[in-house]
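Q: Okay, here's the structure, questions in a sec.
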Amino acid sequence: MSKIKNRIVLCVLLTFVVVFSCACDLVKAPDYYELNGDDVVTSFTKVVGDRKVNTKKIEMTNAVQTISYSYKNVVDAYGDAEKYIDFLTGEEDFYYNGMLNMDESEDEVSLSKTSPKDEEYEITVTVIYNVNTKVVKIVVEREKIIE
């Protein structure tokens with residue numbers, strides 16, 4: 001009887017381990033960040049390849065929609081960030097907000113463009129990276145332009 005009890009306990013524990021280890025990867029990286037008004041921005045992983053999502057956050061406050069993805073264990077955070085920024089400025093017509101000063105260890109670069117779907121809105125992509133923590137965070141916002 002004791003052996004059967006031990007096997008049942010072991011099976012239950014293994015089931016919990018499998019379920020909880022898989023739960024870490026439940027957030028899948030999207031191909032596109034989809035914003036209100038049918039605006040889309042090509043995702044970080046669509047440009048640089050598969051990366052594990054650390055956190056995902058989507059919120060709407062005061063008519064500003066924010067989509068935030070943090071990617072963990074990025075081997076070349078600087079290189080990936082640079083490749084993504086080059087793609088956005090080349091293929092998707094984003095322009096730099098402010099000064100560009102990409103430090104090779106950590107930085108935050110902000111890019112913007114007017115929404116191609118509705119010229120009353122601006123889309124901003126902020127790329128934040130840190131080579132020491134091996135994290136790249138992408139924040140995409142859609143906000144009404146105030147004149």
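Letters A, B, ... mark the chains of the structure tokens in the order given; residue numbers begin at 1 per chain; ligand numbers begin at 1, in order shown.
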Could you go through segment 40-77 of chain A and tell me which residues DSSP, when run on the backbone, assigns to alpha helix (DSSP H), listing them as number ranges by chain?

A: A: 44-48, 77

Q: Need to verify the contact set: segment 59-62 of chain A, 12 Å, only C-alpha atoms, exclusion of same-chain residues closer than 5 positions in sequence. Can you return it as a PyMOL selection string?

A: chain A and resi 35-36+67-69+139-144

Q: Write the residues you've just listed into a file as a short mmCIF file (atom, residue, chain, number, x, y, z; two decimals), in the first residue's frame, and include N, CA and C atoms for each of them.

A:
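Listing of selection29.cif after writing:
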data_model
loop_
_atom_site.label_atom_id
_atom_site.label_comp_id
_atom_site.auth_asym_id
_atom_site.auth_seq_id
_atom_site.Cartn_x
_atom_site.Cartn_y
_atom_site.Cartn_z
N LEU A 35 -2.67 47.46 -32.76
CA LEU A 35 -3.18 48.62 -32.04
C LEU A 35 -4.59 48.95 -32.50
N ASN A 36 -5.27 49.78 -31.73
CA ASN A 36 -6.60 50.26 -32.14
C ASN A 36 -6.49 50.95 -33.49
N ILE A 67 1.15 48.84 -25.54
CA ILE A 67 1.46 47.41 -25.60
C ILE A 67 2.92 47.28 -25.22
N SER A 68 3.19 46.42 -24.25
CA SER A 68 4.55 46.27 -23.76
C SER A 68 4.93 44.80 -23.69
N TYR A 69 6.04 44.45 -24.31
CA TYR A 69 6.58 43.09 -24.24
C TYR A 69 8.02 43.19 -23.76
N VAL A 139 8.01 48.87 -26.09
CA VAL A 139 6.78 49.54 -25.68
C VAL A 139 6.23 50.26 -26.91
N VAL A 140 5.01 49.88 -27.30
CA VAL A 140 4.36 50.49 -28.47
C VAL A 140 3.15 51.26 -27.97
N GLU A 141 3.05 52.54 -28.38
CA GLU A 141 1.93 53.37 -27.96
C GLU A 141 1.25 54.01 -29.16
N ARG A 142 -0.05 54.16 -29.03
CA ARG A 142 -0.84 54.87 -30.04
C ARG A 142 -1.57 55.97 -29.30
N GLU A 143 -1.29 57.21 -29.70
CA GLU A 143 -1.84 58.35 -28.97
C GLU A 143 -2.34 59.40 -29.95
N LYS A 144 -3.45 60.03 -29.58
CA LYS A 144 -4.01 61.11 -30.40
C LYS A 144 -3.08 62.31 -30.35
#

Q: From the options A:Ser43, A:Thr89, A:Thr114, A:Thr133, which residue's atoms come nearest to Ala77 of chain A, counting only C-alpha atoms?

A: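 Result for the nearest residue to Ala77 of chain A: A:Thr133.
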
Q: Just how far from atom CA of Phe94 of chain A is atom CA of Thr55 of chain A, in Å to one decimal?

A: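 For atom CA of Thr55 of chain A relative to atom CA of Phe94 of chain A, the distance reads 24.6 Å.
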
Q: So how many Å separate atom CA of Tyr33 of chain A and atom CA of Pro116 of chain A, to one decimal?

A: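 Answer for the atom CA of Tyr33 of chain A to atom CA of Pro116 of chain A separation: 14.8 Å.
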
Q: If you run DSSP on the backbone, which residues of chain A are strand (DSSP E or B), as a PyMOL selection string?

A: chain A and resi 32-34+40-42+52-61+64-72+95-96+106-114+121-130+135-144

Q: In Å, with one decimal, what is the gap from atom CA of Val109 of chain A to atom CA of Ile146 of chain A?

A: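 Interatomic distance, atom CA of Val109 of chain A to atom CA of Ile146 of chain A: 22.3 Å.
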
Q: Which residue out of A:Thr66, A:Asn54, A:Thr45, A:Asn130 has the minimum interatomic distance to Asp31 of chain A when only C-alpha atoms are used?

A: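 Going through A:Thr66, A:Asn54, A:Thr45, A:Asn130 one by one, the smallest distance to Asp31 of chain A is for A:Thr45.
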
Q: Counting only C-alpha atoms, which residue out of A:Val131, A:Val125, A:Leu88, A:Asp118 sits closest to Asp38 of chain A?

A: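 Of all the options, A:Asp118 lies closest to Asp38 of chain A.
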
Q: Pick from A:Met102, A:Val40, A:Val27, A:Ala63: nearest to Tyr129 of chain A, with only C-alpha atoms counted?

A: A:Met102

Q: Compile the contact shell of Val74 of chain A as a count of residues only: residues with an atom at most 12 Å away, counting only C-alpha atoms, same-chain residues fewer than 4 positions apart removed.

A: 23

Q: Would you mind telling me which residue in A:Glu122, A:Asp93, A:Glu147, A:Leu100 lies nearest to Gln65 of chain A when using only C-alpha atoms?

A: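 So, comparing all the options, the nearest one is A:Glu122.
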